[in-house]
Structures are given as C-alpha cells and as structure tokens.
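Enquirer: One file: my_file.txt (compact mmCIF, C-alpha atoms and all ligand atoms).
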```txt
# COMPACT_ATOMS: atom_id res chain seq x y z
CA MET A 258 34.20 4.67 -8.45
CA LEU A 259 32.77 2.83 -11.40
CA TYR A 260 32.76 4.05 -14.97
CA LYS A 261 29.89 3.44 -17.34
CA SER A 262 29.84 3.34 -21.10
CA LEU A 263 27.89 6.27 -22.49
CA ASN A 264 26.33 3.86 -24.98
CA ASN A 265 25.06 1.50 -22.32
CA PHE A 266 24.86 2.70 -18.72
CA LYS A 267 24.64 -0.87 -17.46
CA HIS A 268 28.11 -1.66 -18.71
CA ARG A 269 30.27 -0.61 -15.76
CA VAL A 270 33.98 -1.06 -15.16
CA SER A 271 36.68 -0.07 -12.68
CA PHE A 272 39.06 2.84 -13.25
CA GLU A 273 41.77 0.34 -14.12
CA GLU A 274 39.66 -1.21 -16.83
CA ALA A 275 38.54 2.12 -18.24
CA LEU A 276 42.18 3.21 -18.29
CA PHE A 277 43.39 0.09 -20.11
CA LYS A 278 40.49 -0.11 -22.55
CA GLY A 279 40.21 3.56 -23.43
CA LEU A 280 36.91 3.00 -25.22
CA ALA A 281 34.15 0.60 -24.08
CA PRO A 282 33.58 -2.49 -26.28
CA ASP A 283 30.33 -0.92 -27.50
CA LYS A 284 32.35 2.15 -28.68
CA GLY A 285 30.95 4.25 -25.85
CA LEU A 286 33.15 6.70 -23.96
CA TYR A 287 33.62 5.92 -20.30
CA PHE A 288 32.21 8.29 -17.73
CA PRO A 289 32.06 8.11 -13.91
CA VAL A 290 28.70 6.81 -12.68
CA TYR A 291 28.39 9.92 -10.57
CA ILE A 292 30.30 13.17 -10.13
CA PRO A 293 31.58 13.50 -6.56
CA LYS A 294 30.78 16.75 -4.78
CA LEU A 295 33.54 18.53 -2.88
CA LYS A 296 32.72 20.03 0.48
CA ASN A 297 32.20 23.80 0.62
CA ILE A 298 34.88 24.05 3.25
CA PHE A 299 37.37 22.47 0.85
CA ILE A 300 36.63 25.14 -1.75
CA LYS A 301 36.82 27.86 0.89
CA ASN A 302 40.20 26.64 2.10
CA LEU A 303 41.73 26.23 -1.34
CA ILE A 304 43.70 29.43 -0.87
CA PHE A 305 45.67 27.82 1.95
CA LYS A 306 46.44 24.58 0.16
CA LYS A 307 49.33 23.37 -1.95
CA LYS A 308 48.83 22.28 -5.55
CA LYS A 309 49.70 18.63 -4.96
CA THR A 310 47.33 18.40 -2.02
CA ILE A 311 44.52 20.00 -4.01
CA ALA A 312 45.08 17.67 -6.96
CA THR A 313 45.13 14.58 -4.73
CA GLU A 314 41.93 15.59 -2.96
CA ILE A 315 40.09 16.25 -6.21
CA ILE A 316 40.99 13.04 -7.94
CA LYS A 317 40.90 10.73 -4.93
CA PRO A 318 37.19 9.80 -5.18
CA PHE A 319 37.65 8.80 -8.83
CA LEU A 320 40.25 6.19 -7.86
CA LYS A 321 38.86 5.06 -4.57
CA ASN A 322 39.85 1.49 -3.63
CA GLU A 323 42.13 1.25 -6.65
CA ILE A 324 45.11 3.48 -5.94
CA ASN A 325 45.79 4.39 -2.33
CA GLU A 326 46.30 7.97 -1.27
CA LYS A 327 50.00 7.71 -0.67
CA LYS A 328 50.68 6.23 -4.08
CA LEU A 329 48.32 8.73 -5.66
CA PHE A 330 50.22 11.60 -4.12
CA LYS A 331 53.40 10.18 -5.63
CA ILE A 332 51.82 9.90 -9.07
CA ILE A 333 50.60 13.47 -8.80
CA SER A 334 53.96 14.77 -7.64
CA ASP A 335 55.53 13.19 -10.69
CA THR A 336 52.85 14.67 -12.94
CA LEU A 337 52.96 18.23 -11.61
CA LYS A 338 56.64 18.93 -12.01
CA PHE A 339 56.19 22.27 -13.68
CA SER A 340 54.36 25.54 -13.04
CA PHE A 341 50.93 26.82 -14.12
CA PRO A 342 51.39 30.57 -14.06
CA LEU A 343 48.57 33.07 -14.55
CA LYS A 344 49.79 36.17 -16.37
CA GLU A 345 47.66 39.28 -16.43
CA ILE A 346 47.40 40.65 -19.96
CA ASN A 347 45.12 43.60 -19.41
CA ASP A 348 41.99 44.69 -17.64
CA ASN A 349 41.33 41.58 -15.51
CA ILE A 350 42.11 39.22 -18.36
CA TYR A 351 44.61 36.50 -17.60
CA SER A 352 46.52 33.94 -19.60
CA LEU A 353 46.74 30.58 -17.88
CA GLU A 354 50.01 29.25 -19.26
CA LEU A 355 49.73 25.50 -19.58
CA PHE A 356 52.86 25.04 -21.65
CA HIS A 357 55.62 24.72 -19.10
CA GLY A 358 55.77 20.92 -19.34
CA PRO A 359 58.26 18.82 -21.32
CA THR A 360 56.52 19.09 -24.73
CA MET A 361 55.16 22.58 -24.15
CA ALA A 362 51.43 22.00 -24.44
CA PHE A 363 48.74 21.31 -21.84
CA LYS A 364 48.48 17.70 -22.93
CA ASP A 365 51.63 16.85 -20.95
CA ILE A 366 49.55 16.81 -17.77
CA GLY A 367 46.99 14.25 -18.90
CA ALA A 368 49.53 12.10 -20.71
CA LYS A 369 51.91 11.96 -17.77
CA PHE A 370 49.17 11.16 -15.28
CA MET A 371 47.87 8.42 -17.53
CA SER A 372 51.28 6.82 -18.08
CA ASN A 373 51.97 6.89 -14.34
CA CYS A 374 48.66 5.13 -13.62
CA LEU A 375 49.30 2.58 -16.34
CA LYS A 376 52.76 1.83 -14.95
CA HIS A 377 51.26 1.45 -11.49
CA PHE A 378 48.75 -1.18 -12.59
CA LEU A 379 51.22 -2.95 -14.90
CA LYS A 380 53.56 -3.61 -11.99
CA LYS A 381 50.86 -5.71 -10.39
CA LYS A 382 49.99 -7.73 -13.49
CA LYS A 383 51.96 -10.81 -14.47
CA ASN A 384 50.81 -11.94 -17.91
CA TYR A 385 49.62 -9.65 -20.59
CA ASN A 386 50.17 -9.11 -24.31
CA THR A 387 52.13 -6.19 -25.62
CA ILE A 388 50.18 -3.07 -24.90
CA LEU A 389 49.61 -1.08 -28.04
CA ILE A 390 48.74 2.54 -27.54
CA LEU A 391 47.08 3.95 -30.65
CA VAL A 392 46.84 7.69 -30.84
CA ALA A 393 45.45 10.06 -33.42
CA THR A 394 46.94 13.51 -33.03
CA SER A 395 46.12 16.94 -34.38
CA GLY A 396 49.61 17.93 -33.25
CA ASP A 397 50.23 18.06 -29.54
CA THR A 398 48.92 14.73 -28.26
CA GLY A 399 51.65 12.99 -30.25
CA GLY A 400 54.44 14.82 -28.43
CA ALA A 401 52.89 14.58 -24.98
CA VAL A 402 52.13 10.86 -25.28
CA SER A 403 55.53 9.98 -26.75
CA ASN A 404 57.24 11.83 -23.97
CA ALA A 405 55.12 10.20 -21.28
CA PHE A 406 55.42 6.63 -22.65
CA TYR A 407 58.91 6.71 -24.15
CA ASP A 408 60.97 3.59 -23.51
CA ILE A 409 58.49 1.92 -21.15
CA GLU A 410 58.83 -1.84 -21.26
CA ASN A 411 56.02 -3.80 -22.97
CA ILE A 412 54.34 -0.68 -24.30
CA LYS A 413 54.35 0.22 -27.99
CA VAL A 414 53.04 3.55 -29.15
CA VAL A 415 51.71 4.22 -32.65
CA ILE A 416 50.88 7.80 -33.51
CA LEU A 417 48.76 8.74 -36.52
CA TYR A 418 48.90 12.31 -37.72
CA PRO A 419 47.60 14.22 -40.72
CA SER A 420 50.38 14.76 -43.25
CA LYS A 421 51.54 18.38 -43.64
CA LYS A 422 48.87 19.66 -41.26
CA ILE A 423 50.93 20.00 -38.10
CA SER A 424 53.86 22.25 -37.27
CA LYS A 425 57.52 21.20 -37.73
CA LEU A 426 58.28 21.22 -34.04
CA GLN A 427 55.13 19.26 -33.22
CA GLU A 428 56.06 16.64 -35.79
CA LYS A 429 59.67 16.39 -34.63
CA GLN A 430 58.66 15.94 -31.02
CA PHE A 431 57.31 12.47 -31.70
CA SER A 432 58.63 11.36 -35.09
CA THR A 433 62.32 11.45 -34.20
CA LEU A 434 62.35 9.41 -31.02
CA GLY A 435 62.37 5.82 -32.28
CA LYS A 436 62.49 2.93 -29.76
CA ASN A 437 58.86 2.13 -28.82
CA ILE A 438 57.44 5.24 -30.51
CA ASN A 439 56.18 4.86 -34.12
CA ALA A 440 54.87 7.75 -36.20
CA LEU A 441 52.47 7.21 -39.11
CA GLU A 442 51.97 10.14 -41.43
CA ILE A 443 48.48 9.76 -42.87
CA GLN A 444 47.40 11.42 -46.10
CA GLY A 445 44.19 12.82 -44.68
CA SER A 446 42.75 15.02 -41.92
CA PHE A 447 42.80 14.57 -38.15
CA ASP A 448 39.25 13.21 -38.28
CA ASP A 449 40.49 10.57 -40.77
CA CYS A 450 43.26 9.58 -38.33
CA GLN A 451 40.74 9.39 -35.51
CA ASN A 452 38.50 7.15 -37.61
CA LEU A 453 41.35 4.76 -38.41
CA VAL A 454 42.11 4.46 -34.70
CA LYS A 455 38.47 3.89 -33.82
CA LYS A 456 38.23 1.12 -36.43
CA ALA A 457 41.34 -0.60 -35.11
CA PHE A 458 39.80 -0.70 -31.65
CA LEU A 459 36.97 -2.84 -32.92
CA ASP A 460 39.08 -5.10 -35.10
CA LYS A 461 38.97 -8.68 -33.83
CA ASN A 462 42.20 -9.77 -35.56
CA LEU A 463 44.15 -6.94 -34.03
CA LYS A 464 42.65 -7.51 -30.61
CA LYS A 465 43.85 -11.11 -30.69
CA LYS A 466 47.41 -9.99 -31.14
CA TYR A 467 47.59 -6.91 -28.93
CA PHE A 468 45.99 -5.27 -26.00
CA ILE A 469 44.94 -2.03 -27.67
CA THR A 470 44.32 1.14 -25.77
CA SER A 471 44.21 4.82 -26.55
CA ALA A 472 45.84 7.85 -25.03
CA ASN A 473 43.56 10.39 -26.65
CA SER A 474 41.35 12.50 -24.46
CA ILE A 475 38.71 9.81 -24.93
CA ASN A 476 40.71 8.03 -22.23
CA ILE A 477 39.18 9.08 -18.94
CA ALA A 478 42.58 8.93 -17.25
CA ARG A 479 43.78 11.78 -19.40
CA LEU A 480 40.70 13.85 -18.92
CA LEU A 481 40.41 13.79 -15.12
CA PRO A 482 43.76 15.44 -14.27
CA GLN A 483 42.88 18.30 -16.60
CA MET A 484 40.56 19.51 -13.85
CA PHE A 485 43.56 20.39 -11.70
CA TYR A 486 44.51 23.67 -13.28
CA TYR A 487 40.99 25.09 -13.06
CA PHE A 488 41.29 24.66 -9.30
CA PHE A 489 44.84 26.08 -9.23
CA SER A 490 43.78 29.21 -11.12
CA TYR A 491 40.75 29.70 -8.92
CA ARG A 492 43.02 29.46 -5.87
CA ASN A 493 45.50 31.96 -7.30
CA ILE A 494 42.83 34.49 -8.21
CA LYS A 495 41.12 34.14 -4.82
CA ARG A 496 44.42 34.78 -3.09
CA LYS A 497 44.46 38.15 -4.85
CA TYR A 498 40.79 39.15 -5.00
CA ASN A 499 38.38 37.79 -2.52
CA ASN A 500 35.05 38.51 -4.21
CA SER A 501 35.85 37.88 -7.84
CA GLU A 502 33.83 35.72 -10.23
CA ILE A 503 35.71 33.72 -12.79
CA ILE A 504 35.02 32.99 -16.43
CA PHE A 505 37.17 30.58 -18.43
CA SER A 506 37.65 30.60 -22.16
CA ILE A 507 38.99 27.33 -23.52
CA PRO A 508 40.39 27.01 -27.02
CA SER A 509 38.67 23.80 -28.02
CA GLY A 510 39.21 21.01 -30.52
CA ASN A 511 38.15 17.64 -29.21
CA PHE A 512 36.48 19.37 -26.23
CA GLY A 513 38.40 17.40 -23.59
CA ASN A 514 39.82 20.44 -21.84
CA ILE A 515 36.49 22.19 -21.56
CA CYS A 516 34.82 18.96 -20.47
CA ALA A 517 37.33 18.83 -17.59
CA GLY A 518 36.35 22.44 -16.74
CA ILE A 519 32.68 21.48 -16.63
CA LEU A 520 33.53 18.51 -14.40
CA ALA A 521 35.44 20.82 -12.06
CA TYR A 522 32.36 23.04 -11.91
CA LYS A 523 30.09 20.10 -11.24
CA MET A 524 32.37 18.99 -8.41
CA GLY A 525 31.78 22.36 -6.81
CA LEU A 526 34.35 24.82 -8.18
CA PRO A 527 32.59 28.17 -8.56
CA ILE A 528 33.06 28.87 -12.25
CA LYS A 529 30.69 31.54 -13.50
CA HIS A 530 30.75 30.65 -17.17
CA LEU A 531 32.73 28.64 -19.71
CA ILE A 532 33.44 29.62 -23.28
CA ALA A 533 34.34 27.09 -25.95
CA SER A 534 36.39 29.12 -28.39
CA THR A 535 37.10 27.47 -31.71
CA ASN A 536 38.49 28.20 -35.14
CA GLN A 537 36.32 27.93 -38.25
CA ASN A 538 35.53 24.31 -37.34
CA ASN A 539 32.45 25.54 -35.55
CA THR A 540 30.17 22.53 -35.14
CA ILE A 541 29.47 23.31 -31.49
CA HIS A 542 28.76 26.98 -32.07
CA ARG A 543 26.15 25.93 -34.62
CA PHE A 544 24.83 23.23 -32.34
CA LEU A 545 24.25 25.70 -29.50
CA LYS A 546 22.51 28.02 -31.89
CA THR A 547 20.24 25.57 -33.68
CA GLY A 548 20.19 22.41 -31.56
CA LYS A 549 21.37 20.47 -34.61
CA TYR A 550 24.66 18.60 -34.48
CA LYS A 551 26.02 18.66 -38.00
CA PRO A 552 29.79 18.46 -38.54
CA TYR A 553 31.10 19.83 -41.84
CA PRO A 554 34.33 18.61 -43.46
CA THR A 555 37.34 19.66 -41.38
CA LEU A 556 39.04 22.89 -42.41
CA SER A 557 42.77 23.51 -42.00
CA THR A 558 43.53 26.60 -39.93
CA LEU A 559 46.36 28.38 -38.13
CA SER A 560 45.30 26.76 -34.86
CA ASN A 561 45.79 23.27 -36.23
CA ALA A 562 45.52 21.42 -32.91
CA MET A 563 41.84 22.38 -33.03
CA ASP A 564 41.11 21.39 -36.63
CA ILE A 565 38.39 19.02 -35.56
CA SER A 566 34.82 19.13 -36.70
CA ASP A 567 33.39 16.17 -34.81
CA PRO A 568 34.71 16.55 -31.25
CA SER A 569 34.73 13.20 -29.40
CA ASN A 570 34.26 14.64 -25.93
CA PHE A 571 31.11 16.54 -26.72
CA ILE A 572 29.14 13.36 -25.96
CA ARG A 573 30.40 13.60 -22.40
CA ILE A 574 29.32 17.22 -22.13
CA LYS A 575 25.86 16.36 -23.48
CA HIS A 576 25.70 13.61 -20.90
CA ILE A 577 26.46 16.04 -18.08
CA TYR A 578 23.95 18.54 -19.44
CA LYS A 579 20.98 16.57 -20.61
CA ASN A 580 19.05 19.80 -20.70
CA PHE A 581 20.03 21.87 -23.73
CA PHE A 582 18.98 25.16 -22.13
CA PHE A 583 21.03 24.60 -19.00
CA LEU A 584 24.01 23.81 -21.19
CA LYS A 585 23.51 27.03 -23.15
CA LYS A 586 23.33 28.96 -19.91
CA LYS A 587 26.65 27.64 -18.64
CA MET A 588 28.59 27.39 -21.88
CA SER A 589 28.91 29.67 -24.89
CA SER A 590 30.79 28.96 -28.08
CA TYR A 591 32.32 31.44 -30.49
CA TYR A 592 34.49 30.82 -33.52
CA PHE A 593 37.15 32.92 -35.20
CA SER A 594 38.90 33.15 -38.55
CA ASP A 595 42.64 32.89 -39.17
CA GLU A 596 42.58 36.56 -40.03
CA SER A 597 41.24 37.60 -36.60
CA THR A 598 43.67 35.19 -34.96
CA LEU A 599 46.68 36.80 -36.60
CA LYS A 600 45.34 40.27 -35.98
CA ILE A 601 44.96 39.71 -32.26
CA ILE A 602 48.43 38.12 -31.99
CA LYS A 603 49.85 41.31 -33.53
CA ASN A 604 47.72 43.60 -31.37
CA ILE A 605 48.54 41.91 -28.10
CA TRP A 606 52.22 41.96 -28.93
CA LYS A 607 52.06 45.62 -29.87
CA LYS A 608 50.10 46.71 -26.83
CA TYR A 609 51.28 44.41 -24.06
CA LYS A 610 54.42 42.68 -25.37
CA TYR A 611 52.84 39.31 -24.73
CA ILE A 612 53.10 36.60 -27.38
CA LEU A 613 49.99 34.51 -27.92
CA ASP A 614 50.10 31.25 -29.81
CA PRO A 615 47.25 30.82 -32.34
CA HIS A 616 45.23 28.64 -29.91
CA GLY A 617 45.59 30.95 -26.95
CA ALA A 618 44.75 33.81 -29.32
CA ILE A 619 41.40 32.18 -30.03
CA GLY A 620 40.87 31.75 -26.30
CA TYR A 621 41.52 35.45 -25.80
CA LEU A 622 39.14 36.38 -28.62
CA GLY A 623 36.44 34.20 -27.05
CA LEU A 624 36.64 36.14 -23.79
CA LYS A 625 36.55 39.48 -25.59
CA LYS A 626 33.50 38.47 -27.57
CA TYR A 627 31.70 37.24 -24.49
CA PHE A 628 32.41 40.50 -22.70
CA TYR A 629 31.14 42.38 -25.71
CA PHE A 630 27.75 40.71 -25.35
CA TYR A 631 27.64 40.44 -21.57
CA LYS A 632 29.08 43.44 -19.84
CA LYS A 633 31.85 42.66 -17.44
CA ASN A 634 31.31 43.40 -13.76
CA TYR A 635 34.11 45.16 -11.92
CA ASN A 636 34.90 41.91 -10.13
CA THR A 637 34.81 39.59 -13.14
CA ILE A 638 38.05 37.87 -14.00
CA GLY A 639 38.44 36.33 -17.43
CA ILE A 640 40.97 33.54 -17.85
CA PHE A 641 41.86 32.03 -21.20
CA LEU A 642 43.84 28.83 -21.40
CA GLU A 643 47.11 29.35 -23.23
CA THR A 644 47.33 25.75 -24.37
CA ALA A 645 50.71 25.75 -26.12
CA HIS A 646 53.99 27.64 -26.16
CA PRO A 647 54.10 30.05 -29.13
CA ILE A 648 57.37 28.48 -30.31
CA LYS A 649 55.40 25.37 -31.30
CA PHE A 650 53.59 27.43 -33.90
CA SER A 651 56.27 29.97 -34.66
CA GLU A 652 56.06 29.34 -38.43
CA LYS A 653 52.62 30.90 -38.24
CA ILE A 654 53.56 33.97 -36.26
CA PRO A 655 54.91 37.07 -38.06
CA LYS A 656 58.69 37.15 -38.08
CA TYR A 657 59.09 40.38 -36.10
CA ILE A 658 57.15 38.81 -33.26
CA ARG A 659 58.62 35.35 -33.65
CA ASN A 660 62.12 36.73 -33.14
CA ASN A 661 61.14 37.66 -29.62
CA ILE A 662 60.02 34.20 -28.56
CA PHE A 663 62.34 32.83 -25.99
CA CYS A 664 63.71 29.62 -27.43
CA SER A 665 65.16 27.04 -25.10
CA LYS A 666 67.84 24.49 -25.94
CA LYS A 667 65.29 21.69 -25.69
CA ILE A 668 63.78 22.90 -28.95
CA ASN A 669 66.91 22.97 -31.04
CA PHE A 670 67.59 19.48 -29.87
CA PHE A 671 64.34 18.27 -31.45
CA LEU A 672 64.57 20.41 -34.55
CA LYS A 673 67.99 19.03 -35.47
CA LYS A 674 66.90 15.39 -35.33
CA LYS A 675 65.73 13.48 -38.39
CA LYS A 676 62.08 12.46 -38.69
CA LYS A 677 61.41 8.75 -39.00
CA SER A 678 57.72 8.68 -39.99
CA ILE A 679 56.06 6.17 -42.29
CA LEU A 680 53.81 7.72 -44.94
CA LEU A 681 50.48 5.89 -45.40
CA SER A 682 47.32 6.60 -47.39
CA ASN A 683 44.06 7.15 -45.57
CA ASN A 684 43.05 3.55 -45.93
CA TYR A 685 42.21 1.15 -43.13
CA PHE A 686 43.67 -1.95 -44.76
CA SER A 687 47.09 -0.44 -45.40
CA PHE A 688 47.12 0.78 -41.80
CA LYS A 689 46.17 -2.63 -40.44
CA LYS A 690 48.72 -4.37 -42.65
CA TRP A 691 51.43 -2.04 -41.41
CA LEU A 692 50.52 -2.75 -37.80
CA LEU A 693 50.51 -6.52 -38.23
CA ASN A 694 53.86 -6.50 -40.02
CA ASN A 695 55.67 -4.03 -37.85
CA ILE A 696 54.47 -4.11 -34.26
C1 LIG A 701 44.78 19.68 -28.07
C2 LIG A 701 44.88 21.12 -28.12
C3 LIG A 701 43.75 21.92 -28.03
C4 LIG A 701 42.36 21.36 -27.96
O1 LIG A 701 42.09 20.72 -26.76
P1 LIG A 701 40.81 19.76 -26.64
O2 LIG A 701 40.88 19.21 -25.28
O3 LIG A 701 40.97 18.71 -27.70
O4 LIG A 701 39.62 20.61 -26.89
C5 LIG A 701 43.93 23.29 -28.00
N1 LIG A 701 45.15 23.85 -28.09
C6 LIG A 701 46.25 23.10 -28.20
C7 LIG A 701 47.57 23.77 -28.33
C8 LIG A 701 46.17 21.71 -28.22
O5 LIG A 701 47.27 20.99 -28.33
```
Using structure tokens, write down the structure from this file.

Expert:
Amino acid sequence: MLYKSLNNFKHRVSFEEALFKGLAPDKGLYFPVYIPKLKNIFIKNLIFKKKKTIATEIIKPFLKNEINEKKLFKIISDTLKFSFPLKEINDNIYSLELFHGPTMAFKDIGAKFMSNCLKHFLKKKKNYNTILILVATSGDTGGAVSNAFYDIENIKVVILYPSKKISKLQEKQFSTLGKNINALEIQGSFDDCQNLVKKAFLDKNLKKKYFITSANSINIARLLPQMFYYFFSYRNIKRKYNNSEIIFSIPSGNFGNICAGILAYKMGLPIKHLIASTNQNNTIHRFLKTGKYKPYPTLSTLSNAMDISDPSNFIRIKHIYKNFFFLKKKMSSYYFSDESTLKIIKNIWKKYKYILDPHGAIGYLGLKKYFYFYKKNYNTIGIFLETAHPIKFSEKIPKYIRNNIFCSKKINFFLKKKKKSILLSNNYFSFKKWLLNNI
C-alpha cells in the first residue's frame, strides 16, 4: 500500500515513510491511495473469529510487503493486551469501554501499535539521527504516547500541553516519568500547542538536527488500528442479535476516532450511521449545517480532551466523502453544553448506576439526540464510545458519584509522583530555543 499526501496526490510514500514522517513535507496528511474492501464472507464470519485474527486481517493490506503477517500478528498481540467490553446501559444503548489500557483512554491502542511498528523498522536501520517525537496533547495523547515510547533507545518524546486545561491525572501520567519523556506546559490552548508542533515540522534548522515525527492522530499509524474496535463491537453485537443494525456515536475532538470508524465502514463493516458528538467546540456541526468551515476560538469545557475547534482529521473525512450530501447522509454531528454533560452523568448514575466520564457522556447524548430525530427501529443498537475512564476526569464529576469510581493502585502511583514540566509561553521561538538547548 502506498500513502499519498492530501495536498498533492502525486506525492506517494510507503507505510514506513508515512509512519516516520507523520506529516508530508507539503504539510499534507497521509492517506492510503485506496481503501481495501473486505470480502463479504469475512464480515459474515466475524462472529466466529478471535480479536487478534480480525485485527490482523483488517490491517494487513495497509502494510502489505512491509511487515509480514507473522510479525504483524505479534505486533497486534502486544497492542491488544486488554479488553474492549460493551456494557448495556439501557434500551439497546451500549457503552463501548475503550479505557482498559495502561493509561485508561482509547489512545493507548493507536500509540502502542505505532510504537511497535516504529521499533520494528528501527531494528532494521543502521544510521539515523535521534528520533524526536513531538506531540501536542489535549490530555490523553500525552499519557498514551509516553507509556508507549517510554525508555526506548534513540527516541526522545516532547509533549506540549495547554497549561491548566487538562486534568491532574492526565498531567501526571506524562509529566512525572522523566528519562526520554519531556513535558512542556504551554500558556495557551490545545490549538496553540498543535500549531507550535506543526511549525517545528517545517523548520529547516530543527530538521537538520533531528528526525522529527509526530504521534498525534495525524500519524496514519495511530489512526489505522482505531478501526479494530468497531469490528470487535460489531462482532459482539452480532453474536447476540443476528439482524441488528448498528449506529456509533463518537465523542470527537480531532476527529481521528470517527475517521477510523468511517474507514471501517468503507472497508465493508455494516455501520448504519455515525454521529460526531462534540462539546461547544462545534465547528463540524456548523459545517454540516451550512457547508462553511469556520472554526471559532477554542472554548474550555468539561470534556477537555475534545477542546478543539479546528480538527486535523476532518480533511481526511472530506477526502473520503468528496460529496457533501453523502457525508451528511452517513454522519451527523451534535454538540452539547457542560450543563447537559453534567446532568446526564447524574441521571445515568441515578438510574443505572453507571458512571460516564464527560466525553462518554457527550457520546451518549449524541445517540439520544439522534434517536429523538430519527425514530429507533426495534433492531437498532446504539453504541457510544466511552473514550476514557471516569477517574481521569474525577475532579469534574460530583463527589457523591466520584466516590463510587473504582480506583486502582496504578492511579495512586501516578498521583503521588512530582510533575517535572517546563512552563513556556505560547511563542515559537522560545519553544525552538528550548528544543535546541535541551534535546
Ligand atoms: C482524544 C480524546 C477524544 C477525541 O478523539 P479524537 O480522535 O481526537 O476525535 C475523546 N475523548 C477522549 C477521552 C480523548 O482522550
């Protein structure tokens, strides 16, 4: 498989190159030159297959001739070391819990797969500069990437995050580790952090000194494995109900997760509809309504991992759906206030004794809203992605609910450690100077 830059379709590279570069030299995001179609019989037989086999089959065509099947299976086995349970909340609505990995958010899957691929290719290379992984995080990418790349030889990780805009546990998960993991606390928003990273990618002086890559969801290697759990959920539902139709609601920020869902659909997974549920940062909701893409300044909300007003991955979605009306038919987008988010967290706890995190809560609200407009058939199953463990956002959840969150030892371990971040202003030159002097 070759990957093209979305800014220039003639610029084509291998998976390895797309993985190492992150972003094409012309700033374009990489995208496979075609989307492989799975055979109907594969979809039909999903119910009989194991997760690792399914994952290997799905991703195999994207890595053809670059990583052999045996090695790929090993990488996948190392990536999928935890479970992806579907919990029924009520009335054919399910929570797909994606937080059972080491840093308790869905990003563990993409980050781990990416680091395993990187390690695989690095083993074969002899001479290369230090690899510098630059990451902007709205909270959870930082933890997932630090965990996946911690203490790997010849790799340095620099994480930029918006000061005071992420939760304590999120911050501690990557700012306390040390070794090859560096945390920069930027006095600005997530979009500011993302812009600093994008600038660094194009900086000739920096590129002379390091091999710079990214581990954000702009990296195709992080995005592809996120298709897995759409297939797993489909399999699990089909094992229970043969004739159901499935709708996914995805709490969205940078729109990587939902882009992976659309890819899964385009490969042949029967997904009836996808809902991009967001907080007040509602650029895509407005885009689908008016056809005009007009990001406003980013607002801080309870669901801070989604405080993004200019989602990078939307370009990929627009590339898949060149026709605006087809896109609107397959994907809806609703947005919700902090007030509704809190209200639904309380309600769901009261009625079903299930604890939503603020992101999952928005996913749940998206499904409810969709079903309000489009009546649910008896065989419709709604699945919202519960993207993080509620403990990661416990400061934002009312105390009487918070006290019921099961808290593992892993968490206290992080919370007790001292943060070692460097505070920087939102200024490219101070950021560059820090890099050159410290990495
Ligand atoms: C990153 C993140 C999101 C947003 O995912 P995107 O792929 O950027 O849309 C949602 N919820 C949580 C908890 C996250 O960490």

Enquirer: Under the rule of at most 10 Å, produce a per-residue listing of segment 418-534 of chain A near segment 657-670 of chain A: chain, number, name, the closest pair of atoms, and the distance in Å, as a Markdown table, using all atoms listed in the file.

Expert:
```
| residue | atom | partner | partner_atom | distance |
| --- | --- | --- | --- | --- |
| A:Leu426 | CA | A:Ile668 | CA | 7.7 |
| A:Lys429 | CA | A:Ile668 | CA | 9.6 |
| A:Gln430 | CA | A:Ile668 | CA | 8.9 |
```

Enquirer: Collect all residues with atoms no farther than 10 Å from ligand LIG 701 (chain A), counting only C-alpha atoms and all ligand atoms, and output them as a VMD selection string.

Expert: chain A and resid 355 to 356 361 to 365 394 to 401 427 473 to 475 479 to 480 483 507 to 517 533 to 535 560 to 565 568 to 571 614 to 617 619 to 620 642 to 647 649 to 650

Enquirer: Which polymer residues have any atom within 8 Å of an atom of segment 271-286 of chain A, counting only C-alpha atoms, with same-chain residues fewer than 5 positions away left out, as a PyMOL selection string?

Expert: chain A and resi 258-260+262-265+319-320+323+371+375+378+458-459+469-472+475-478+573

Enquirer: Take atom CA of Leu624 of chain A and atom CA of Leu584 of chain A and report the distance between them in Å, one decimal.

Expert: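 Here the two named atoms are 17.8 Å from each other.
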
Enquirer: Residues within 6 Å of Ile304 of chain A, please, as a PyMOL selection string. Count only C-alpha atoms; anything in the same chain fewer than 2 positions from it doesn't count.

Expert: chain A and resi 302+306+492+496

Enquirer: Please, what distance in Å, to one decimal, runs between atom CA of Ser403 of chain A and atom CA of Ala368 of chain A?

Expert: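 According to the coordinates, atom CA of Ser403 of chain A and atom CA of Ala368 of chain A are separated by 8.8 Å.
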
Enquirer: Which is closest to Ser597 of chain A among A:Lys421, A:Lys382, A:Lys455, A:Lys626, if we use only C-alpha atoms?

Expert: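 Nearest candidate to Ser597 of chain A out of A:Lys421, A:Lys382, A:Lys455, A:Lys626: A:Lys626.
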
Enquirer: Segment 539-553 of chain A: which residues within 8 Å, counting all atoms listed in the file, same-chain residues fewer than 5 positions away excluded, as a list of chain:residue names?

Expert: A:Ser566, A:Asp567, A:Phe581, A:Lys585, A:Ser589, A:Ser590, A:Tyr591, A:Tyr592

Enquirer: Smallest atom-to-atom distance to Asn411 of chain A: which of A:Ile390, A:Leu453, A:Met588, A:Leu622, using all atoms listed in the file?

Expert: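 Between A:Ile390, A:Leu453, A:Met588, A:Leu622, the residue approaching Asn411 of chain A most closely is A:Ile390.
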
Enquirer: Do you have the atom CA of Phe630 of chain A-atom CA of Lys587 of chain A distance handy?

Expert: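 These atoms are spaced 14.7 Å apart.
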
Enquirer: Give me the box for segment 430-435 of chain A as AutoDock Vina command-line options, namely the centre and edge lengths in Å to one decimal of a box along x, y and z that holds every listed atom plus 6 Å on each side.

Expert:
```
--center_x 59.8 --center_y 10.9 --center_z -33.1 --size_x 17.1 --size_y 22.1 --size_z 16.1
```

Enquirer: So which residues touch Leu417 of chain A within 6 Å, counting all atoms listed in the file, skipping near sequence neighbours fewer than 2 positions away, as an MDAnalysis selection string?

Expert: chainID A and resid 393 441 450
